[in-house]
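This report concerns only the one structure given below.
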Amino acid sequence: MKDSLDSVGIRHQTDKASQFSRTYAKPHDYLRHLERFFEPMRDKPIKLLEIGVGGGESVRTWLEYFPNAKVFGVDIVSGTNDYNTPGKWINADIGSHYTFACGDQSKPEFWKKFVEVYGGEWDVVIDDGSHVAQDIVTTFSELWPHVASGGIYEIEDLSSAPLAAEWLRRSAKEVTDGHATIDSITFSKELCILRKK
């Protein structure tokens with residue numbers, strides 16, 4: 001039996017899990033909510049992008065949970081750990097499954113170049129970046145057209161961005177009115193998960 005997403009996250013000490021040992025942040029318990037969306041694609045050759053890879057704890061989680069995925073990380077800083085240092089990986093096998101790009105999520109021109117280089121049809125996009133409302137909206141506007149049909153777009157730490165949470169509530173109204181490319185929106189504490197039609 002395979003480990004749950006939360007168990008994998010706890011092992012890699014990501015704050016997305018239900019528990020971890022670091023003292024400078026709290027566990028957010030996102031993985032329990034995400035597993036029902038991610039489990040059906042667990043063994044598929046998906047493309048996953050995480051914005052805000054930090055120390056690489058969640059990158060390690062995605063690489064283990066999605067063994068056939070191509071995982072991409074974006075962060076505004078580079079060189080502080082192996083997961084945000086271009087060309088420096090923990091082992092050679094990870095290098096074939098993980099790509100890092102340094103960039104500012106608030107800049108539409110960065111996303112245009114990113115899509116030009118790495119393509120579209122993203123199965124999963126995770127925004128754990130700046131948590132600034134305008135950056136969240138800019139990133140969504142630039143990347144949503146490049147999410148695959150049935151793909152998942154997740155936005156984290158919404159308590160830090162109340163204006164983004166309000167924007168998402170308005171988007172939910174568009175879904176219920178039938179005027180959006182969003183198939184569904186799921187909210188939980190500090191988290192929003194959108195599925196594309």
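The chains in the structure tokens are called A, B, ... from first to last as shown; in each chain the residues are counted from 1, and the ligands are counted from 1 in the order shown.
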- Message: List the spatial neighbours of Val77 (chain A) as JSON, numbers by chain - criterion: any atom at most 10 Å away, only C-alpha atoms, same-chain residues fewer than 6 positions off excluded.
- Response: {"A": [52, 53, 54, 84, 85, 101, 102, 103, 104]}
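Candidate residues A:Ala180, A:Cys192, A:Met1, A:Val115 were compared for distance to His146 (chain A), and the nearest is A:Val115, using only C-alpha atoms.
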- Item | Sel. of alpha helix (DSSP H) residues, chain A, as a ChimeraX atom specification | /A:5-12,31-38,57-65,92-95,108-118,133-143,162-177
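Between CA of Ile126 (chain A) and CA of Glu109 (chain A) there is a distance of 19.2 Å.
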- Got a sec to tell me which of chain A DSSP assigns to strand (DSSP E), as a PyMOL selection string? chain A and resi 47-51+70-75+98-102+122-127+147-156+182-188+191-196
- Message: Which residues are near region 31-44 of chain A? Cut-off 6 Å, only C-alpha atoms, ignore same chain within fewer than 3 positions. Put them as a ChimeraX atom specification.
- Response: /A:5-6,16-17,66,68
Now that the selection is made, can you save its residues with C-alpha atoms as a tab-separated table (two decimals), in the first residue's frame?
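Saved to out04.tsv:
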```tsv
chain	number	residue	atom	x	y	z
A	5	LEU	CA	0.25	12.35	0.45
A	6	ASP	CA	0.25	13.66	4.01
A	16	LYS	CA	1.83	21.67	3.73
A	17	ALA	CA	1.56	18.51	5.86
A	66	PHE	CA	4.34	11.64	-8.34
A	68	ASN	CA	6.42	9.81	-13.19
```
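Compared by their closest atoms to Gly9 (chain A), and using only C-alpha atoms, the residues A:Gly129, A:Pro45, A:Gly151, A:Gly56 rank with A:Gly56 nearest.
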- Contacts of region 161-171 of chain A at 9 Å or less, counting only C-alpha atoms, minus same-chain residues fewer than 2 places along, as a VMD selection string? chain A and resid 131 to 134 136 to 137 157 to 159 173 to 176 180 182 185 190 192
- Message: Just to confirm, what's the straight-line distance from CA of Gln13 (chain A) to CA of Leu143 (chain A) in Å (one decimal)?
- Response: 27.8 Å
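Comparing A:Leu48, A:Val125, A:Ala69, A:Ala25 by their smallest distance to Glu142 (chain A), the closest is A:Val125 (using only C-alpha atoms).
Interatomic distance, CA of Glu64 (chain A) to CA of Phe100 (chain A): 16.9 Å.
Proximity ranking of A:Asp128, A:Asp183, A:Asp177, A:Glu116 relative to Tyr30 (chain A) places A:Asp128 first, based on only C-alpha atoms.
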- Item | Near-Phe72 (chain A) list (6 Å; only C-alpha atoms; drop same-chain fewer than 4 positions) as a count of residues only | 4
- Query: Between A:Asp127, A:Gly55, A:Ser106, A:Ala148, which is the closest to Thr80 (chain A) once you count only C-alpha atoms?
  - Reply: A:Gly55
